[in-house]
file final_29.cif (mmCIF, C-alpha atoms)
data_coords
#
loop_
_atom_site.group_PDB
_atom_site.id
_atom_site.type_symbol
_atom_site.label_atom_id
_atom_site.label_comp_id
_atom_site.auth_asym_id
_atom_site.auth_seq_id
_atom_site.Cartn_x
_atom_site.Cartn_y
_atom_site.Cartn_z
ATOM 1 C CA MET W 152 -14.611 -2.237 -6.586
ATOM 2 C CA LYS W 153 -15.502 0.424 -4.029
ATOM 3 C CA ASN W 154 -11.882 1.634 -3.829
ATOM 4 C CA ASN W 155 -12.346 3.532 -0.570
ATOM 5 C CA GLY W 156 -13.187 2.838 3.041
ATOM 6 C CA ASN W 157 -11.638 2.430 6.461
ATOM 7 C CA ILE W 158 -9.079 -0.347 6.558
ATOM 8 C CA PHE W 159 -9.600 -1.155 10.249
ATOM 9 C CA GLU W 160 -13.360 -1.522 9.748
ATOM 10 C CA LEU W 161 -12.748 -3.776 6.760
ATOM 11 C CA PHE W 162 -10.417 -5.953 8.850
ATOM 12 C CA ASN W 163 -13.208 -6.370 11.369
ATOM 13 C CA SER W 164 -15.289 -8.053 8.679
ATOM 14 C CA VAL W 165 -12.568 -10.618 7.876
ATOM 15 C CA ASN W 166 -13.329 -13.883 9.670
ATOM 16 C CA ASP W 167 -10.998 -16.412 8.097
ATOM 17 C CA TYR W 168 -7.223 -16.675 8.266
ATOM 18 C CA TRP W 169 -5.177 -16.746 5.053
ATOM 19 C CA SER W 170 -8.127 -15.481 3.060
ATOM 20 C CA PRO W 171 -7.050 -12.204 1.424
ATOM 21 C CA LYS W 172 -9.747 -9.681 0.551
ATOM 22 C CA ILE W 173 -9.162 -7.239 -2.291
ATOM 23 C CA ILE W 174 -9.953 -3.708 -1.126
ATOM 24 C CA ALA W 175 -8.526 -1.612 -3.947
ATOM 25 C CA ASP W 176 -7.520 -1.732 -7.562
ATOM 26 C CA VAL W 177 -4.526 0.536 -8.271
ATOM 27 C CA ASN W 178 -2.895 0.399 -11.696
ATOM 28 C CA GLU W 179 -1.640 -3.189 -12.235
ATOM 29 C CA ASP W 180 -1.783 -4.026 -8.513
ATOM 30 C CA TYR W 181 -4.445 -5.121 -6.080
ATOM 31 C CA ILE W 182 -4.363 -3.949 -2.467
ATOM 32 C CA LYS W 183 -5.521 -6.699 -0.130
ATOM 33 C CA ILE W 184 -6.037 -7.258 3.561
ATOM 34 C CA ALA W 185 -5.545 -10.590 5.296
ATOM 35 C CA LYS W 186 -5.432 -12.049 8.765
ATOM 36 C CA PHE W 187 -2.577 -14.475 9.338
ATOM 37 C CA LYS W 188 -2.465 -17.171 12.005
ATOM 38 C CA GLY W 189 -0.523 -20.416 11.735
ATOM 39 C CA ASP W 190 1.382 -20.887 8.503
ATOM 40 C CA ILE W 191 0.887 -21.561 4.821
ATOM 41 C CA VAL W 192 2.857 -23.419 2.185
ATOM 42 C CA TRP W 193 6.256 -22.342 0.889
ATOM 43 C CA HIS W 194 5.803 -20.658 -2.471
ATOM 44 C CA ASP W 195 7.114 -18.014 -4.812
ATOM 45 C CA HIS W 196 5.645 -15.717 -7.439
ATOM 46 C CA GLU W 197 7.709 -16.169 -10.564
ATOM 47 C CA ASN W 198 7.070 -12.784 -12.135
ATOM 48 C CA GLU W 199 5.575 -10.623 -9.424
ATOM 49 C CA ASP W 200 6.727 -8.698 -6.361
ATOM 50 C CA GLU W 201 4.623 -8.818 -3.188
ATOM 51 C CA MET W 202 4.652 -6.303 -0.366
ATOM 52 C CA PHE W 203 3.663 -7.136 3.208
ATOM 53 C CA TYR W 204 2.822 -4.350 5.667
ATOM 54 C CA VAL W 205 1.936 -5.236 9.274
ATOM 55 C CA MET W 206 -1.037 -3.288 10.601
ATOM 56 C CA LYS W 207 -1.471 -5.174 13.873
ATOM 57 C CA GLY W 208 0.499 -7.918 15.583
ATOM 58 C CA SER W 209 3.562 -9.573 14.093
ATOM 59 C CA PHE W 210 4.541 -12.489 11.889
ATOM 60 C CA ASN W 211 7.614 -14.334 10.754
ATOM 61 C CA LEU W 212 8.543 -14.236 7.116
ATOM 62 C CA HIS W 213 10.531 -17.372 6.374
ATOM 63 C CA LEU W 214 12.987 -16.985 3.518
ATOM 64 C CA GLU W 215 15.347 -19.718 2.350
ATOM 65 C CA ASP W 216 18.281 -18.451 4.397
ATOM 66 C CA GLU W 217 16.693 -16.419 7.170
ATOM 67 C CA ILE W 218 13.569 -15.712 9.170
ATOM 68 C CA ILE W 219 12.520 -12.080 9.414
ATOM 69 C CA THR W 220 10.139 -10.988 12.143
ATOM 70 C CA LEU W 221 7.861 -8.178 11.021
ATOM 71 C CA ASN W 222 6.160 -6.125 13.715
ATOM 72 C CA GLU W 223 3.486 -3.418 13.557
ATOM 73 C CA GLY W 224 4.541 -0.712 11.107
ATOM 74 C CA ASP W 225 7.114 -2.924 9.382
ATOM 75 C CA TYR W 226 6.993 -3.662 5.681
ATOM 76 C CA TYR W 227 8.934 -6.008 3.445
ATOM 77 C CA VAL W 228 8.885 -6.496 -0.315
ATOM 78 C CA VAL W 229 9.432 -10.068 -1.451
ATOM 79 C CA LYS W 230 10.812 -9.666 -4.944
ATOM 80 C CA LYS W 231 9.702 -11.964 -7.743
ATOM 81 C CA GLY W 232 11.083 -15.471 -7.677
ATOM 82 C CA ILE W 233 11.992 -15.458 -3.964
ATOM 83 C CA ARG W 234 10.639 -18.467 -2.055
ATOM 84 C CA HIS W 235 8.892 -17.508 1.156
ATOM 85 C CA LYS W 236 6.458 -18.711 3.792
ATOM 86 C CA PRO W 237 4.639 -16.406 6.213
ATOM 87 C CA GLU W 238 3.937 -17.805 9.675
ATOM 88 C CA ALA W 239 2.169 -16.121 12.577
ATOM 89 C CA LYS W 240 2.101 -17.419 16.114
ATOM 90 C CA ASP W 241 -0.798 -15.117 17.010
ATOM 91 C CA GLU W 242 -3.312 -13.309 14.830
ATOM 92 C CA CYS W 243 -1.679 -10.695 12.638
ATOM 93 C CA TRP W 244 -3.309 -8.120 10.334
ATOM 94 C CA VAL W 245 -1.468 -7.581 7.078
ATOM 95 C CA LEU W 246 -1.886 -5.250 4.126
ATOM 96 C CA LEU W 247 -0.669 -6.828 0.896
ATOM 97 C CA ILE W 248 0.231 -5.248 -2.395
ATOM 98 C CA GLU W 249 0.323 -7.722 -5.247
ATOM 99 C CA LYS W 250 0.060 -7.726 -8.998
ATOM 100 C CA LYS W 251 -3.486 -8.463 -10.145
ATOM 101 C CA GLU W 252 -2.519 -11.825 -11.613
ATOM 102 C CA THR W 253 -0.671 -12.999 -8.487
ATOM 103 C CA ARG W 254 -1.983 -16.219 -6.952
ATOM 104 C CA HIS W 255 -1.498 -15.841 -3.215
ATOM 105 C CA THR W 256 0.067 -19.265 -2.786
ATOM 106 C CA GLY W 257 2.084 -18.974 -6.001
ATOM 107 C CA ASN W 258 2.111 -22.086 -8.171
ATOM 108 C CA VAL W 259 1.357 -24.243 -5.147
ATOM 109 C CA THR W 260 -2.313 -25.047 -4.670
ATOM 110 C CA SER W 261 -3.250 -26.073 -1.167
ATOM 111 C CA ASP W 262 -6.370 -26.361 0.935
ATOM 112 C CA ILE W 263 -6.203 -22.694 1.791
ATOM 113 C CA THR W 264 -5.709 -21.394 -1.760
ATOM 114 C CA LYS W 265 -8.344 -18.790 -2.627
ATOM 115 C CA SER W 266 -9.197 -17.800 -6.182
ATOM 116 C CA THR W 267 -9.239 -14.134 -7.217
ATOM 117 C CA GLU W 268 -13.054 -14.372 -7.377
ATOM 118 C CA GLU W 269 -13.160 -15.473 -3.746
ATOM 119 C CA GLN W 270 -10.817 -12.643 -2.773
ATOM 120 C CA LEU W 271 -13.119 -10.120 -4.433
ATOM 121 C CA LYS W 272 -16.131 -11.155 -2.313
ATOM 122 C CA MET F 179 15.923 0.513 -2.881
ATOM 123 C CA LYS F 180 15.970 -1.047 0.595
ATOM 124 C CA ASN F 181 12.381 -2.288 0.250
ATOM 125 C CA ASN F 182 11.879 -2.892 3.953
ATOM 126 C CA GLY F 183 11.773 -0.962 7.210
ATOM 127 C CA ASN F 184 9.392 0.537 9.723
ATOM 128 C CA ILE F 185 7.031 3.056 8.173
ATOM 129 C CA PHE F 186 6.596 5.113 11.349
ATOM 130 C CA GLU F 187 10.367 5.467 11.767
ATOM 131 C CA LEU F 188 10.671 6.510 8.139
ATOM 132 C CA PHE F 189 7.977 9.159 8.656
ATOM 133 C CA ASN F 190 10.041 10.567 11.506
ATOM 134 C CA SER F 191 12.828 11.319 9.053
ATOM 135 C CA VAL F 192 10.533 13.315 6.724
ATOM 136 C CA ASN F 193 10.941 17.020 7.403
ATOM 137 C CA ASP F 194 9.232 18.723 4.484
ATOM 138 C CA TYR F 195 5.566 18.846 3.567
ATOM 139 C CA TRP F 196 4.449 17.699 0.094
ATOM 140 C CA SER F 197 7.746 15.960 -0.484
ATOM 141 C CA PRO F 198 6.998 12.272 -1.097
ATOM 142 C CA LYS F 199 9.707 9.732 -0.299
ATOM 143 C CA ILE F 200 9.783 6.434 -2.159
ATOM 144 C CA ILE F 201 10.063 3.569 0.328
ATOM 145 C CA ALA F 202 9.334 0.548 -1.857
ATOM 146 C CA ASP F 203 9.317 -0.639 -5.416
ATOM 147 C CA VAL F 204 6.522 -3.149 -6.067
ATOM 148 C CA ASN F 205 5.857 -4.297 -9.627
ATOM 149 C CA GLU F 206 4.964 -1.186 -11.683
ATOM 150 C CA ASP F 207 4.159 0.902 -8.588
ATOM 151 C CA TYR F 208 6.139 2.896 -6.080
ATOM 152 C CA ILE F 209 5.049 3.052 -2.440
ATOM 153 C CA LYS F 210 5.670 6.512 -0.984
ATOM 154 C CA ILE F 211 5.225 8.330 2.282
ATOM 155 C CA ALA F 212 4.454 12.026 2.554
ATOM 156 C CA LYS F 213 3.500 14.594 5.133
ATOM 157 C CA PHE F 214 0.723 16.931 4.055
ATOM 158 C CA LYS F 215 0.031 20.373 5.489
ATOM 159 C CA GLY F 216 -1.614 23.227 3.626
ATOM 160 C CA ASP F 217 -2.565 22.460 0.047
ATOM 161 C CA ILE F 218 -1.092 21.832 -3.371
ATOM 162 C CA VAL F 219 -2.203 22.551 -6.918
ATOM 163 C CA TRP F 220 -5.188 20.933 -8.606
ATOM 164 C CA HIS F 221 -3.926 18.197 -10.906
ATOM 165 C CA ASP F 222 -4.701 14.856 -12.442
ATOM 166 C CA HIS F 223 -2.710 11.875 -13.627
ATOM 167 C CA GLU F 224 -3.857 11.116 -17.138
ATOM 168 C CA ASN F 225 -2.989 7.423 -17.215
ATOM 169 C CA GLU F 226 -2.374 6.413 -13.630
ATOM 170 C CA ASP F 227 -4.377 5.621 -10.512
ATOM 171 C CA GLU F 228 -3.177 6.938 -7.153
ATOM 172 C CA MET F 229 -4.078 5.548 -3.739
ATOM 173 C CA PHE F 230 -4.030 7.629 -0.556
ATOM 174 C CA TYR F 231 -4.003 5.923 2.852
ATOM 175 C CA VAL F 232 -4.060 8.044 6.009
ATOM 176 C CA MET F 233 -1.647 6.803 8.669
ATOM 177 C CA LYS F 234 -2.002 9.739 11.063
ATOM 178 C CA GLY F 235 -4.211 12.835 11.149
ATOM 179 C CA SER F 236 -6.696 13.691 8.412
ATOM 180 C CA PHE F 237 -6.917 15.601 5.168
ATOM 181 C CA ASN F 238 -9.500 16.799 2.692
ATOM 182 C CA LEU F 239 -9.431 15.397 -0.791
ATOM 183 C CA HIS F 240 -10.994 17.989 -3.076
ATOM 184 C CA LEU F 241 -12.616 16.518 -6.162
ATOM 185 C CA GLU F 242 -14.450 18.537 -8.782
ATOM 186 C CA ASP F 243 -17.875 17.942 -7.271
ATOM 187 C CA GLU F 244 -17.176 17.070 -3.653
ATOM 188 C CA ILE F 245 -14.727 17.247 -0.778
ATOM 189 C CA ILE F 246 -13.970 13.989 0.978
ATOM 190 C CA THR F 247 -12.451 14.022 4.443
ATOM 191 C CA LEU F 248 -10.096 11.118 5.014
ATOM 192 C CA ASN F 249 -9.263 10.213 8.595
ATOM 193 C CA GLU F 250 -6.789 7.770 10.088
ATOM 194 C CA GLY F 251 -7.279 4.318 8.565
ATOM 195 C CA ASP F 252 -9.196 5.664 5.558
ATOM 196 C CA TYR F 253 -8.064 5.070 1.990
ATOM 197 C CA TYR F 254 -9.226 6.392 -1.341
ATOM 198 C CA VAL F 255 -8.171 5.556 -4.881
ATOM 199 C CA VAL F 256 -8.216 8.494 -7.288
ATOM 200 C CA LYS F 257 -8.651 6.828 -10.655
ATOM 201 C CA LYS F 258 -6.735 8.039 -13.678
ATOM 202 C CA GLY F 259 -7.888 11.299 -15.195
ATOM 203 C CA ILE F 260 -9.762 12.527 -12.093
ATOM 204 C CA ARG F 261 -8.811 16.061 -11.068
ATOM 205 C CA HIS F 262 -8.015 16.365 -7.372
ATOM 206 C CA LYS F 263 -6.320 18.529 -4.781
ATOM 207 C CA PRO F 264 -5.314 17.310 -1.334
ATOM 208 C CA GLU F 265 -5.489 19.858 1.486
ATOM 209 C CA ALA F 266 -4.629 19.376 5.143
ATOM 210 C CA LYS F 267 -5.421 21.815 7.912
ATOM 211 C CA ASP F 268 -2.983 20.105 10.265
ATOM 212 C CA GLU F 269 -0.086 17.777 9.593
ATOM 213 C CA CYS F 270 -1.215 14.486 8.098
ATOM 214 C CA TRP F 271 0.850 11.375 7.355
ATOM 215 C CA VAL F 272 -0.102 9.638 4.135
ATOM 216 C CA LEU F 273 0.975 6.449 2.393
ATOM 217 C CA LEU F 274 0.735 6.756 -1.382
ATOM 218 C CA ILE F 275 0.663 4.069 -4.040
ATOM 219 C CA GLU F 276 1.441 5.398 -7.484
ATOM 220 C CA LYS F 277 2.696 4.105 -10.789
ATOM 221 C CA LYS F 278 6.447 4.573 -11.155
ATOM 222 C CA GLU F 279 6.050 7.144 -13.894
ATOM 223 C CA THR F 280 3.511 9.245 -11.967
ATOM 224 C CA ARG F 281 4.555 12.840 -11.341
ATOM 225 C CA HIS F 282 3.049 13.782 -7.981
ATOM 226 C CA THR F 283 1.594 17.050 -9.208
ATOM 227 C CA GLY F 284 0.503 15.565 -12.537
ATOM 228 C CA ASN F 285 1.216 17.710 -15.570
ATOM 229 C CA VAL F 286 1.244 20.810 -13.399
ATOM 230 C CA THR F 287 4.687 21.901 -12.289
ATOM 231 C CA SER F 288 4.703 24.126 -9.253
ATOM 232 C CA ASP F 289 7.174 25.295 -6.626
ATOM 233 C CA ILE F 290 6.600 22.154 -4.623
ATOM 234 C CA THR F 291 6.991 19.679 -7.498
ATOM 235 C CA LYS F 292 9.630 17.068 -6.668
ATOM 236 C CA SER F 293 11.361 14.941 -9.312
ATOM 237 C CA THR F 294 11.495 11.145 -8.945
ATOM 238 C CA GLU F 295 15.218 11.480 -8.175
ATOM 239 C CA GLU F 296 14.413 13.802 -5.259
ATOM 240 C CA GLN F 297 11.761 11.377 -4.015
ATOM 241 C CA LEU F 298 14.306 8.529 -4.022
ATOM 242 C CA LYS F 299 16.715 10.375 -1.689
#
call {"tool": "encode", "arguments": {"input": "final_29.cif", "output": "structure tokens"}}
result
Amino acid sequence: MKNNGNIFELFNSVNDYWSPKIIADVNEDYIKIAKFKGDIVWHDHENEDEMFYVMKGSFNLHLEDEIITLNEGDYYVVKKGIRHKPEAKDECWVLLIEKKETRHTGNVTSDITKSTEEQLK
Amino acid sequence: MKNNGNIFELFNSVNDYWSPKIIADVNEDYIKIAKFKGDIVWHDHENEDEMFYVMKGSFNLHLEDEIITLNEGDYYVVKKGIRHKPEAKDECWVLLIEKKETRHTGNVTSDITKSTEEQLK
């Protein structure tokens, strides 16, 4: 893990949507970058919090009882156990903070699910 | 802990340098924002990693054998036990990721040391 760099340059090397890349290893968390476009499956993380921070663009965070629009500069922590589904009309660049053991689609495995090994590439 | 908001707006409410404000609680880490200007004491965090991400401006991260300049968009993880001293010629806005128990000046207490309670205000 290189653990340093320029986040915008790293985003430029991300080609696929919903394919988080781990850019740093901080205590028990991984810091990841991902490009969102379209939507992914509803899921939760039973024992882990997940923070979303919008670096470019905007996306909708669907929660069971509301939809929150996050714009550039906005952040939101989805606490453990909360069901959610991110959805982006247009491309959105997101910084994620997740516990190392977090599976990005929770206990739901779908076509877009990436293993930790794939996220470390 | 509100755990959501706009980071740039939150920075606008920070008046003091070297006075981190906790903006989110994610797993075992706190996410903090701080404005740097001038320098603080050399210190390390014996058991905790600390990530610096530059949101505006630039600062120099002094390590024992080198000085690394971090500009907007750059991040750097100081691994546990590594002595360091941040120094900023001009005002710099920094996002910090630290373990909840981390004291921001390590085991060194100086005039600028802020308690966790102060950082939560």
call {"tool": "resolve_selection", "arguments": {"input": "final_29.cif", "expression": "the PyMOL selection byres ((chain W and resi 246-255) around 6)", "output": "PyMOL selection string"}}
result
chain W and resi 179-184+201-204+245+256-257
call {"tool": "closest_residue", "arguments": {"input": "final_29.cif", "among": "W:Asp262, W:Glu238, W:Glu160, W:Glu197", "to": "chain F", "atoms": "only C-alpha atoms"}}
result
W:Glu160
call {"tool": "interface_residues", "arguments": {"input": "final_29.cif", "of": "chain W", "to": "chain F", "cutoff": "7 Å", "atoms": "only C-alpha atoms", "output": "PDB file with C-alpha atoms, in the frame of the given file"}}
result
ATOM      1  CA  ASN W 154     -11.882   1.634  -3.829  1.00  0.00           C
ATOM      2  CA  ASN W 155     -12.346   3.532  -0.570  1.00  0.00           C
ATOM      3  CA  GLY W 156     -13.187   2.838   3.041  1.00  0.00           C
ATOM      4  CA  ASN W 157     -11.638   2.430   6.461  1.00  0.00           C
ATOM      5  CA  ILE W 158      -9.079  -0.347   6.558  1.00  0.00           C
ATOM      6  CA  PHE W 159      -9.600  -1.155  10.249  1.00  0.00           C
ATOM      7  CA  VAL W 177      -4.526   0.536  -8.271  1.00  0.00           C
ATOM      8  CA  ASN W 178      -2.895   0.399 -11.696  1.00  0.00           C
ATOM      9  CA  GLU W 179      -1.640  -3.189 -12.235  1.00  0.00           C
ATOM     10  CA  GLU W 199       5.575 -10.623  -9.424  1.00  0.00           C
ATOM     11  CA  ASP W 200       6.727  -8.698  -6.361  1.00  0.00           C
ATOM     12  CA  GLU W 201       4.623  -8.818  -3.188  1.00  0.00           C
ATOM     13  CA  MET W 202       4.652  -6.303  -0.366  1.00  0.00           C
ATOM     14  CA  GLY W 224       4.541  -0.712  11.107  1.00  0.00           C
ATOM     15  CA  ASP W 225       7.114  -2.924   9.382  1.00  0.00           C
ATOM     16  CA  TYR W 226       6.993  -3.662   5.681  1.00  0.00           C
ATOM     17  CA  TYR W 227       8.934  -6.008   3.445  1.00  0.00           C
ATOM     18  CA  VAL W 228       8.885  -6.496  -0.315  1.00  0.00           C
ATOM     19  CA  LYS W 250       0.060  -7.726  -8.998  1.00  0.00           C
TER      20      LYS W 250
END
call {"tool": "resolve_selection", "arguments": {"input": "final_29.cif", "expression": "the PyMOL selection byres ((chain F and resi 261) around 7)", "output": "number ranges by chain"}}
result
F: 220-222, 241-242, 259-260, 262
call {"tool": "resolve_selection", "arguments": {"input": "final_29.cif", "expression": "the PyMOL selection byres ((chain W and resi 241-243) around 6)", "output": "ChimeraX atom specification"}}
result
/W:186-188,207-209,239-240,244
call {"tool": "write_last_selection", "arguments": {"input": "final_29.cif", "atoms": "C-alpha atoms", "output": "mmCIF file, in the coordinates of the input"}}
result
data_model
loop_
_atom_site.group_PDB
_atom_site.id
_atom_site.type_symbol
_atom_site.label_atom_id
_atom_site.label_comp_id
_atom_site.auth_asym_id
_atom_site.auth_seq_id
_atom_site.Cartn_x
_atom_site.Cartn_y
_atom_site.Cartn_z
ATOM 1 C CA LYS W 186 -5.432 -12.049 8.765
ATOM 2 C CA PHE W 187 -2.577 -14.475 9.338
ATOM 3 C CA LYS W 188 -2.465 -17.171 12.005
ATOM 4 C CA LYS W 207 -1.471 -5.174 13.873
ATOM 5 C CA GLY W 208 0.499 -7.918 15.583
ATOM 6 C CA SER W 209 3.562 -9.573 14.093
ATOM 7 C CA ALA W 239 2.169 -16.121 12.577
ATOM 8 C CA LYS W 240 2.101 -17.419 16.114
ATOM 9 C CA TRP W 244 -3.309 -8.120 10.334
#
call {"tool": "closest_residue", "arguments": {"input": "final_29.cif", "among": "F:Gly216, F:Tyr195, F:Glu296, F:Lys263", "to": "F:Ile246", "atoms": "only C-alpha atoms"}}
result
F:Lys263
call {"tool": "residues_near_point", "arguments": {"input": "final_29.cif", "point": "(-18.4, -9.0, 1.3)", "cutoff": "9 Å", "atoms": "only C-alpha atoms", "output": "mmCIF file with C-alpha atoms, in the coordinates of the input"}}
result
data_model
loop_
_atom_site.group_PDB
_atom_site.id
_atom_site.type_symbol
_atom_site.label_atom_id
_atom_site.label_comp_id
_atom_site.auth_asym_id
_atom_site.auth_seq_id
_atom_site.Cartn_x
_atom_site.Cartn_y
_atom_site.Cartn_z
ATOM 1 C CA SER W 164 -15.289 -8.053 8.679
ATOM 2 C CA VAL W 165 -12.568 -10.618 7.876
ATOM 3 C CA LYS W 172 -9.747 -9.681 0.551
ATOM 4 C CA LEU W 271 -13.119 -10.120 -4.433
ATOM 5 C CA LYS W 272 -16.131 -11.155 -2.313
#
call {"tool": "atom_distance", "arguments": {"input": "final_29.cif", "atom1": "atom CA of W:Gln270", "atom2": "atom CA of W:Pro171"}}
result
5.7 Å
